[in-house]
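Undergrad: Contents of protein-v3.txt (compact mmCIF, C-alpha atoms) are below:
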# COMPACT_ATOMS: atom_id res chain seq x y z
CA MET A 24 117.87 75.30 97.33
CA ALA A 25 114.39 76.76 96.93
CA GLU A 26 114.14 80.35 95.78
CA ARG A 27 113.36 82.87 98.48
CA LYS A 28 109.86 84.30 98.46
CA TRP A 29 109.90 87.31 96.14
CA THR A 30 108.24 90.35 97.70
CA TYR A 31 107.89 94.08 97.12
CA ASP A 32 111.20 94.57 98.93
CA TYR A 33 113.02 92.93 96.01
CA ILE A 34 111.95 95.62 93.54
CA PRO A 35 115.04 97.70 92.73
CA ASN A 36 115.02 101.46 92.98
CA GLN A 37 113.04 102.80 90.00
CA SER A 38 114.21 106.41 90.10
CA GLY A 39 114.62 107.84 86.61
CA ARG A 40 112.26 105.33 84.99
CA VAL A 41 109.07 106.43 83.27
CA VAL A 42 106.26 103.88 83.55
CA LEU A 43 102.85 103.77 81.87
CA ILE A 44 100.21 101.45 83.34
CA THR A 45 96.84 100.92 81.67
CA GLY A 46 93.84 100.54 83.95
CA ALA A 47 95.83 102.07 86.80
CA ASN A 48 92.94 103.64 88.67
CA SER A 49 91.80 100.51 90.51
CA GLY A 50 92.58 96.91 91.43
CA LEU A 51 95.84 95.42 90.25
CA GLY A 52 96.75 98.46 88.16
CA TYR A 53 96.40 100.76 91.15
CA GLN A 54 98.62 98.50 93.25
CA GLN A 55 101.24 98.45 90.50
CA ALA A 56 101.16 102.25 90.23
CA LEU A 57 101.41 102.66 93.99
CA MET A 58 104.35 100.28 94.34
CA MET A 59 106.24 101.77 91.39
CA ALA A 60 105.70 105.27 92.80
CA LYS A 61 107.03 104.13 96.18
CA LYS A 62 110.15 102.90 94.41
CA GLY A 63 110.73 106.25 92.74
CA ALA A 64 109.39 105.75 89.21
CA GLU A 65 107.52 108.46 87.34
CA VAL A 66 104.13 106.84 86.78
CA ILE A 67 101.63 107.64 84.03
CA LEU A 68 98.18 106.35 84.95
CA ALA A 69 96.16 105.55 81.83
CA GLY A 70 92.40 105.03 81.94
CA ARG A 71 89.06 106.11 80.52
CA ASP A 72 87.47 107.68 83.61
CA ARG A 73 89.03 111.03 84.53
CA THR A 74 87.40 111.14 87.96
CA LYS A 75 88.66 107.70 88.93
CA ILE A 76 92.18 108.42 87.69
CA ASP A 77 92.32 111.69 89.59
CA LYS A 78 91.15 109.88 92.73
CA ALA A 79 93.83 107.21 92.31
CA ILE A 80 96.49 109.90 91.89
CA GLU A 81 95.25 111.61 95.04
CA LEU A 82 95.39 108.37 97.02
CA ILE A 83 98.92 107.56 95.82
CA ALA A 84 100.13 111.11 96.47
CA ASN A 85 98.80 110.93 100.02
CA GLN A 86 100.92 107.83 100.64
CA VAL A 87 103.91 108.92 98.58
CA PRO A 88 104.18 112.72 98.87
CA ALA A 89 107.21 112.87 96.57
CA ALA A 90 105.56 110.73 93.88
CA LYS A 91 105.85 111.82 90.25
CA LEU A 92 102.40 111.13 88.83
CA SER A 93 100.54 112.09 85.68
CA SER A 94 97.60 110.77 83.69
CA VAL A 95 96.51 110.17 80.13
CA MET A 96 93.06 109.31 78.88
CA LEU A 97 92.74 105.90 77.22
CA ASP A 98 89.70 103.95 76.06
CA LEU A 99 90.98 100.63 74.76
CA ALA A 100 87.58 99.95 73.17
CA ASN A 101 88.18 102.81 70.73
CA LEU A 102 91.26 102.76 68.50
CA HIS A 103 90.97 106.52 67.95
CA SER A 104 91.42 107.00 71.70
CA VAL A 105 94.36 104.59 71.67
CA ALA A 106 96.07 106.57 68.90
CA LYS A 107 95.42 109.86 70.70
CA CYS A 108 96.86 108.46 73.95
CA ALA A 109 100.02 107.19 72.23
CA LYS A 110 100.53 110.48 70.41
CA GLU A 111 100.19 112.44 73.65
CA VAL A 112 102.73 110.25 75.43
CA ARG A 113 105.21 110.45 72.52
CA GLN A 114 104.93 114.24 72.49
CA LYS A 115 105.27 114.70 76.24
CA TYR A 116 108.01 112.20 77.08
CA ASP A 117 111.43 111.50 75.63
CA ARG A 118 111.60 108.02 77.15
CA LEU A 119 109.30 105.16 78.21
CA ASP A 120 111.08 102.55 80.28
CA LEU A 121 108.09 100.35 81.02
CA LEU A 122 104.68 99.78 79.46
CA VAL A 123 102.34 97.61 81.52
CA ASN A 124 99.34 96.38 79.54
CA ASN A 125 97.18 95.74 82.59
CA ALA A 126 93.65 96.95 81.81
CA GLY A 127 90.95 94.55 80.75
CA VAL A 128 87.33 93.52 80.77
CA MET A 129 86.05 90.16 81.97
CA ILE A 130 82.90 88.26 80.96
CA PRO A 131 80.58 91.15 80.05
CA PRO A 132 77.41 90.55 78.02
CA PHE A 133 78.11 90.40 74.30
CA SER A 134 78.97 93.81 72.93
CA LEU A 135 81.26 95.45 70.40
CA THR A 136 84.03 98.03 70.50
CA ARG A 137 83.82 101.30 68.60
CA GLN A 138 85.41 99.59 65.58
CA GLY A 139 83.09 96.57 65.76
CA PHE A 140 85.31 94.00 67.50
CA GLU A 141 84.02 91.62 70.17
CA LEU A 142 84.56 93.64 73.33
CA GLN A 143 86.87 91.33 75.28
CA PHE A 144 89.11 90.56 72.32
CA GLY A 145 89.01 94.20 71.26
CA VAL A 146 89.97 95.63 74.65
CA ASN A 147 92.18 92.94 76.13
CA HIS A 148 94.17 92.19 72.98
CA LEU A 149 93.63 94.56 70.05
CA GLY A 150 93.59 97.76 72.10
CA HIS A 151 96.86 96.86 73.79
CA PHE A 152 98.35 95.60 70.51
CA ALA A 153 97.64 98.99 68.93
CA LEU A 154 98.88 100.94 71.96
CA THR A 155 102.13 99.00 72.17
CA GLY A 156 102.80 99.40 68.47
CA GLN A 157 102.23 103.14 68.52
CA LEU A 158 104.43 103.58 71.59
CA LEU A 159 107.13 101.26 70.26
CA PRO A 160 109.35 103.99 68.73
CA LEU A 161 109.62 105.66 72.14
CA ILE A 162 110.08 102.36 73.96
CA LEU A 163 112.81 101.17 71.59
CA LEU A 164 114.73 104.40 72.05
CA THR A 165 114.79 103.87 75.83
CA PRO A 166 117.71 101.67 76.97
CA HIS A 167 116.71 98.36 78.57
CA SER A 168 112.98 99.09 78.32
CA ARG A 169 110.25 96.52 78.91
CA ILE A 170 106.76 95.70 77.74
CA VAL A 171 104.69 93.61 80.16
CA SER A 172 101.26 92.19 79.37
CA MET A 173 98.95 90.67 81.92
CA THR A 174 97.11 87.49 81.06
CA SER A 175 95.16 85.18 83.37
CA LEU A 176 94.58 81.55 84.22
CA ALA A 177 91.75 81.69 81.68
CA GLY A 178 94.36 82.41 79.02
CA ILE A 179 96.31 79.29 79.96
CA ALA A 180 93.12 77.22 79.74
CA GLY A 181 91.69 79.08 76.77
CA SER A 182 91.54 78.48 73.04
CA ILE A 183 91.45 80.78 70.05
CA ASP A 184 89.49 80.63 66.81
CA LEU A 185 91.40 82.71 64.29
CA ASN A 186 88.57 82.31 61.78
CA ASP A 187 85.90 83.74 64.07
CA LEU A 188 87.54 86.02 66.62
CA HIS A 189 84.44 88.19 67.05
CA TYR A 190 81.80 85.46 67.44
CA GLU A 191 80.04 86.21 64.20
CA ASN A 192 79.49 82.53 63.35
CA ARG A 193 79.24 80.81 66.74
CA ARG A 194 77.33 81.14 69.96
CA TYR A 195 78.82 83.69 72.31
CA ILE A 196 80.02 82.16 75.57
CA LYS A 197 81.49 85.01 77.56
CA MET A 198 84.00 82.97 79.60
CA LEU A 199 85.33 81.28 76.47
CA ALA A 200 85.62 84.68 74.80
CA TYR A 201 87.53 85.94 77.82
CA GLY A 202 89.90 82.97 77.64
CA GLN A 203 90.45 83.61 73.93
CA SER A 204 91.41 87.23 74.60
CA LYS A 205 93.81 86.32 77.40
CA LEU A 206 95.45 83.57 75.34
CA ALA A 207 95.93 86.23 72.67
CA ASN A 208 97.82 88.30 75.27
CA LEU A 209 100.28 85.44 75.73
CA MET A 210 100.64 84.83 72.01
CA PHE A 211 101.28 88.54 71.48
CA ILE A 212 104.07 88.67 74.07
CA HIS A 213 105.70 85.53 72.71
CA GLU A 214 105.65 86.83 69.15
CA LEU A 215 106.76 90.31 70.19
CA ALA A 216 109.65 88.84 72.18
CA THR A 217 110.66 86.75 69.16
CA ARG A 218 110.65 89.77 66.86
CA LEU A 219 112.51 91.98 69.32
CA GLU A 220 115.22 89.35 69.68
CA ALA A 221 115.50 89.03 65.90
CA THR A 222 116.33 92.74 65.63
CA GLY A 223 118.93 92.60 68.40
CA SER A 224 116.90 95.04 70.48
CA LYS A 225 117.63 95.40 74.20
CA THR A 226 113.91 95.92 74.82
CA ILE A 227 112.20 92.82 76.24
CA ALA A 228 108.60 91.60 76.28
CA VAL A 229 107.37 89.66 79.30
CA ALA A 230 104.04 88.15 80.42
CA ALA A 231 102.50 87.60 83.83
CA HIS A 232 99.26 86.55 85.45
CA PRO A 233 98.05 87.48 88.94
CA GLY A 234 96.43 84.22 89.97
CA GLY A 235 93.15 84.67 91.77
CA SER A 236 92.60 88.25 92.86
CA PRO A 237 89.28 89.90 93.74
CA THR A 238 89.08 93.09 91.66
CA ASN A 239 86.49 95.01 89.65
CA LEU A 240 86.91 92.47 86.85
CA GLN A 241 84.61 90.12 88.77
CA GLN A 242 81.68 92.54 88.65
CA ASN A 243 80.01 90.54 85.87
CA SER A 244 80.45 87.15 87.52
CA GLY A 245 77.70 85.37 89.44
CA PHE A 246 77.12 85.46 93.19
CA VAL A 247 78.70 82.05 93.88
CA PHE A 248 81.85 82.88 91.89
CA ARG A 249 82.17 86.39 93.31
CA ARG A 250 81.20 85.83 96.94
CA ILE A 251 82.24 82.24 97.61
CA LEU A 252 84.78 80.85 95.15
CA THR A 253 86.87 83.99 94.67
CA PRO A 254 87.59 84.60 98.38
CA LEU A 255 88.57 80.94 98.82
CA THR A 256 90.93 80.82 95.85
CA SER A 257 92.51 84.25 95.75
CA HIS A 258 94.90 86.66 97.38
CA PRO A 259 94.62 90.46 97.79
CA ALA A 260 95.27 92.75 94.84
CA SER A 261 98.48 93.89 96.55
CA GLU A 262 99.79 90.31 96.22
CA GLY A 263 98.18 89.68 92.85
CA ALA A 264 100.20 92.61 91.50
CA LEU A 265 103.52 91.00 92.43
CA PRO A 266 103.90 88.69 89.39
CA ILE A 267 103.41 91.69 87.10
CA LEU A 268 105.84 93.75 89.16
CA ARG A 269 108.42 90.99 89.07
CA ALA A 270 108.06 90.72 85.30
CA ALA A 271 108.46 94.48 85.12
CA CYS A 272 111.35 94.97 87.54
CA ASP A 273 113.34 91.81 88.21
CA PRO A 274 116.75 92.17 86.52
CA LYS A 275 116.69 88.40 85.92
CA ALA A 276 113.45 88.44 83.93
CA ALA A 277 114.33 87.39 80.40
CA ASN A 278 112.75 88.29 77.08
CA GLY A 279 109.70 86.10 76.50
CA SER A 280 109.48 84.87 80.08
CA PHE A 281 106.21 84.27 81.92
CA TRP A 282 105.62 84.94 85.64
CA ALA A 283 102.86 83.64 87.90
CA PRO A 284 102.00 82.80 91.52
CA SER A 285 103.81 79.74 92.84
CA GLY A 286 100.95 78.17 94.78
CA LEU A 287 98.52 75.38 93.91
CA PHE A 288 97.11 75.80 90.39
CA GLY A 289 98.84 79.20 90.20
CA LEU A 290 96.08 80.81 92.24
CA THR A 291 98.13 82.31 95.06
CA GLY A 292 101.71 82.51 96.27
CA SER A 293 104.87 84.46 95.57
CA PRO A 294 105.74 85.05 91.90
CA VAL A 295 107.98 82.62 90.01
CA GLU A 296 108.82 81.96 86.39
CA VAL A 297 106.61 79.35 84.70
CA ASN A 298 106.48 77.82 81.24
CA MET A 299 104.38 79.33 78.48
CA PRO A 300 101.61 76.92 77.40
CA ALA A 301 102.39 75.23 74.09
CA LYS A 302 99.41 76.85 72.34
CA ALA A 303 100.80 80.30 73.18
CA VAL A 304 104.06 79.63 71.34
CA HIS A 305 102.65 77.90 68.25
CA LYS A 306 104.63 79.63 65.51
CA THR A 307 102.05 79.47 62.72
CA LYS A 308 99.15 80.64 64.89
CA CYS A 309 101.20 83.39 66.51
CA ASP A 310 102.20 84.64 63.06
CA GLN A 311 98.57 84.52 61.91
CA LEU A 312 97.30 86.37 64.97
CA TRP A 313 99.97 89.03 64.50
CA THR A 314 99.01 89.56 60.85
CA ILE A 315 95.31 89.72 61.69
CA SER A 316 95.96 92.16 64.54
CA GLU A 317 97.99 94.51 62.35
CA LYS A 318 95.23 94.47 59.73
CA LEU A 319 92.38 95.07 62.20
CA THR A 320 94.16 97.86 64.07
CA ASN A 321 95.96 99.35 61.04
CA VAL A 322 99.11 99.42 63.19
CA SER A 323 102.26 98.02 61.59
CA TYR A 324 105.29 97.16 63.70
CA GLU A 325 107.56 96.29 60.79
CA GLU A 326 108.87 99.78 60.10
CA PHE A 327 110.22 99.96 63.64
CA PHE A 328 111.69 96.47 63.70
CA SER A 329 113.35 96.93 60.30
CA ALA A 330 114.87 100.21 61.47
CA GLY A 331 116.82 98.19 64.03
CA LEU A 332 116.14 100.71 66.81
Could you render the structure from this file as structure tokens?

TA:
Amino acid sequence: MAERKWTYDYIPNQSGRVVLITGANSGLGYQQALMMAKKGAEVILAGRDRTKIDKAIELIANQVPAAKLSSVMLDLANLHSVAKCAKEVRQKYDRLDLLVNNAGVMIPPFSLTRQGFELQFGVNHLGHFALTGQLLPLILLTPHSRIVSMTSLAGIAGSIDLNDLHYENRRYIKMLAYGQSKLANLMFIHELATRLEATGSKTIAVAAHPGGSPTNLQQNSGFVFRRILTPLTSHPASEGALPILRAACDPKAANGSFWAPSGLFGLTGSPVEVNMPAKAVHKTKCDQLWTISEKLTNVSYEEFFSAGL
């Protein structure tokens, strides 16, 4: 028998859970924050634009008067900002039930982060790698907590060059760089899930992609892609958020699982579990990416894993 279409109504009551969502002021992140607030979670909206975050909080509060909402400043292109954000959250909260690594940049002109990393790899992967690591002590102390990272179809189709992650020795092709960063998201979740399981932790790491969804990420794409192809091959952000929400809330979601739209080519449709691409679970490359990421961000996970929290 085919699985029933999974909708917002399937999200269990989230009262008592504390949730942090990066990039929560617009697009998919805003929809995730809104839906989690409706279900009773205390939602921390993380982003780099105070005005936009405050506006998002106002919009959610107007729809959910009883919502528990707060904000924290976070610029994923600056590891100092990432560290400051994590420290603030650790000081303010005694639990973190769910971290959603949602924020990202897509196909901008070539540029670098504050620490000199290629922008898409630096924001989409390294920024979230550093944030997750620095929040991990709090997450591990929270029973049955989850870490969810959002990838994309570009990650499934993408490739990664571990010897030239920042395009220092090859021509920069922004879509290929985007695919590399989103494949890194998948590799990170797979490796994190493997390491969590090895410690016996009850915390799980899960991945999801939204399919095709017209959001601010498309602002750097061309007219044909943005105005013609996207509307024909996408669903609204409120539906694009569902795979991430299922990964975050479905009691059946297992450590290391991957959730995506069920329709043709994974572009639209209700969320279902899908297989990780083989390149995202390649043990040697996942290990190498992890080691490189710890070195570049100066964030080590090992002290927390070895503590067996």

Undergrad: Restricting the calculation to all atoms listed in the file, which member of A:Arg193, A:Leu185, A:Ser261, A:Ile179 is positioned closest to Ala303 in chain A?

TA: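 Smallest distance to Ala303 in chain A is found for A:Ile179.
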
Undergrad: Please measure the separation of CA of Gly181 in chain A and CA of Glu317 in chain A, giving the value in Å to one decimal.

TA: 22.0 Å

Undergrad: Excluding same-chain residues fewer than 5 positions from Leu121 in chain A, what lies within 10 Å of it counting only C-alpha atoms, as a VMD selection string?

TA: chain A and resid 40 to 44 64 66 162 165 167 to 171 226 to 228 271 to 272

Undergrad: CA of Arg218 in chain A and CA of Thr155 in chain A, how far apart in Å?

TA: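 CA of Arg218 in chain A lies 13.6 Å from CA of Thr155 in chain A.
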
Undergrad: Compare A:Ile212, A:Met129, A:Leu206, A:Cys108 by their minimum atom-to-atom distance to Leu158 in chain A, counting all atoms listed in the file, and give me the closest one.

TA: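 For Leu158 in chain A, the nearest of the candidates is A:Cys108.
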
Undergrad: When distances are computed from all atoms listed in the file, which of A:Asn101, A:Ser175, A:Gln114, A:Ser49 shows the smallest separation from Ile80 in chain A?

TA: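 Selected residue with least distance to Ile80 in chain A: A:Ser49.
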
Undergrad: What does the structure give for the distance between CA of Arg137 in chain A and CA of Gly178 in chain A, in Å to one decimal?

TA: 24.0 Å

Undergrad: Quick test: take range 260-275 of chain A, keep N, CA, C and O atoms, and write it as a PDB file, in the first residue's frame.

TA:
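So the final result, stored in result-v5.pdb, reads:
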ATOM      1  N   ALA A 260       7.115  27.710  -1.572  1.00  0.00           N
ATOM      2  CA  ALA A 260       8.026  27.511  -0.443  1.00  0.00           C
ATOM      3  C   ALA A 260       7.351  26.765   0.703  1.00  0.00           C
ATOM      4  O   ALA A 260       7.999  25.991   1.422  1.00  0.00           O
ATOM      5  N   SER A 261       6.041  26.971   0.870  1.00  0.00           N
ATOM      6  CA  SER A 261       5.327  26.274   1.943  1.00  0.00           C
ATOM      7  C   SER A 261       5.342  24.763   1.736  1.00  0.00           C
ATOM      8  O   SER A 261       5.312  23.997   2.698  1.00  0.00           O
ATOM      9  N   GLU A 262       5.397  24.313   0.482  1.00  0.00           N
ATOM     10  CA  GLU A 262       5.508  22.879   0.192  1.00  0.00           C
ATOM     11  C   GLU A 262       6.961  22.441   0.127  1.00  0.00           C
ATOM     12  O   GLU A 262       7.304  21.327   0.524  1.00  0.00           O
ATOM     13  N   GLY A 263       7.829  23.325  -0.355  1.00  0.00           N
ATOM     14  CA  GLY A 263       9.247  23.003  -0.388  1.00  0.00           C
ATOM     15  C   GLY A 263       9.829  22.800   1.000  1.00  0.00           C
ATOM     16  O   GLY A 263      10.822  22.088   1.168  1.00  0.00           O
ATOM     17  N   ALA A 264       9.200  23.404   2.011  1.00  0.00           N
ATOM     18  CA  ALA A 264       9.677  23.257   3.385  1.00  0.00           C
ATOM     19  C   ALA A 264       9.320  21.905   3.985  1.00  0.00           C
ATOM     20  O   ALA A 264       9.913  21.498   4.997  1.00  0.00           O
ATOM     21  N   LEU A 265       8.375  21.193   3.393  1.00  0.00           N
ATOM     22  CA  LEU A 265       7.883  19.960   4.012  1.00  0.00           C
ATOM     23  C   LEU A 265       8.935  18.852   4.141  1.00  0.00           C
ATOM     24  O   LEU A 265       8.967  18.157   5.158  1.00  0.00           O
ATOM     25  N   PRO A 266       9.808  18.620   3.127  1.00  0.00           N
ATOM     26  CA  PRO A 266      10.828  17.590   3.338  1.00  0.00           C
ATOM     27  C   PRO A 266      11.730  17.886   4.535  1.00  0.00           C
ATOM     28  O   PRO A 266      12.084  16.979   5.292  1.00  0.00           O
ATOM     29  N   ILE A 267      12.084  19.173   4.717  1.00  0.00           N
ATOM     30  CA  ILE A 267      12.918  19.538   5.852  1.00  0.00           C
ATOM     31  C   ILE A 267      12.153  19.332   7.156  1.00  0.00           C
ATOM     32  O   ILE A 267      12.686  18.812   8.143  1.00  0.00           O
ATOM     33  N   LEU A 268      10.871  19.697   7.147  1.00  0.00           N
ATOM     34  CA  LEU A 268      10.056  19.531   8.346  1.00  0.00           C
ATOM     35  C   LEU A 268       9.828  18.059   8.672  1.00  0.00           C
ATOM     36  O   LEU A 268       9.786  17.674   9.843  1.00  0.00           O
ATOM     37  N   ARG A 269       9.701  17.244   7.644  1.00  0.00           N
ATOM     38  CA  ARG A 269       9.553  15.807   7.920  1.00  0.00           C
ATOM     39  C   ARG A 269      10.845  15.245   8.512  1.00  0.00           C
ATOM     40  O   ARG A 269      10.808  14.453   9.467  1.00  0.00           O
ATOM     41  N   ALA A 270      11.975  15.637   7.944  1.00  0.00           N
ATOM     42  CA  ALA A 270      13.261  15.208   8.490  1.00  0.00           C
ATOM     43  C   ALA A 270      13.419  15.656   9.933  1.00  0.00           C
ATOM     44  O   ALA A 270      14.008  14.962  10.760  1.00  0.00           O
ATOM     45  N   ALA A 271      12.854  16.824  10.242  1.00  0.00           N
ATOM     46  CA  ALA A 271      13.009  17.403  11.568  1.00  0.00           C
ATOM     47  C   ALA A 271      12.036  16.849  12.590  1.00  0.00           C
ATOM     48  O   ALA A 271      12.347  16.839  13.781  1.00  0.00           O
ATOM     49  N   CYS A 272      10.875  16.372  12.139  1.00  0.00           N
ATOM     50  CA  CYS A 272       9.788  16.082  13.081  1.00  0.00           C
ATOM     51  C   CYS A 272       9.222  14.667  13.023  1.00  0.00           C
ATOM     52  O   CYS A 272       8.590  14.231  13.997  1.00  0.00           O
ATOM     53  N   ASP A 273       9.382  13.979  11.914  1.00  0.00           N
ATOM     54  CA  ASP A 273       8.778  12.659  11.801  1.00  0.00           C
ATOM     55  C   ASP A 273       9.453  11.693  12.778  1.00  0.00           C
ATOM     56  O   ASP A 273      10.671  11.499  12.714  1.00  0.00           O
ATOM     57  N   PRO A 274       8.690  11.079  13.678  1.00  0.00           N
ATOM     58  CA  PRO A 274       9.289  10.128  14.626  1.00  0.00           C
ATOM     59  C   PRO A 274       9.976   8.954  13.938  1.00  0.00           C
ATOM     60  O   PRO A 274      10.855   8.304  14.529  1.00  0.00           O
ATOM     61  N   LYS A 275       9.599   8.680  12.684  1.00  0.00           N
ATOM     62  CA  LYS A 275      10.165   7.546  11.961  1.00  0.00           C
ATOM     63  C   LYS A 275      11.471   7.886  11.243  1.00  0.00           C
ATOM     64  O   LYS A 275      12.130   6.989  10.717  1.00  0.00           O
TER      65      LYS A 275
END
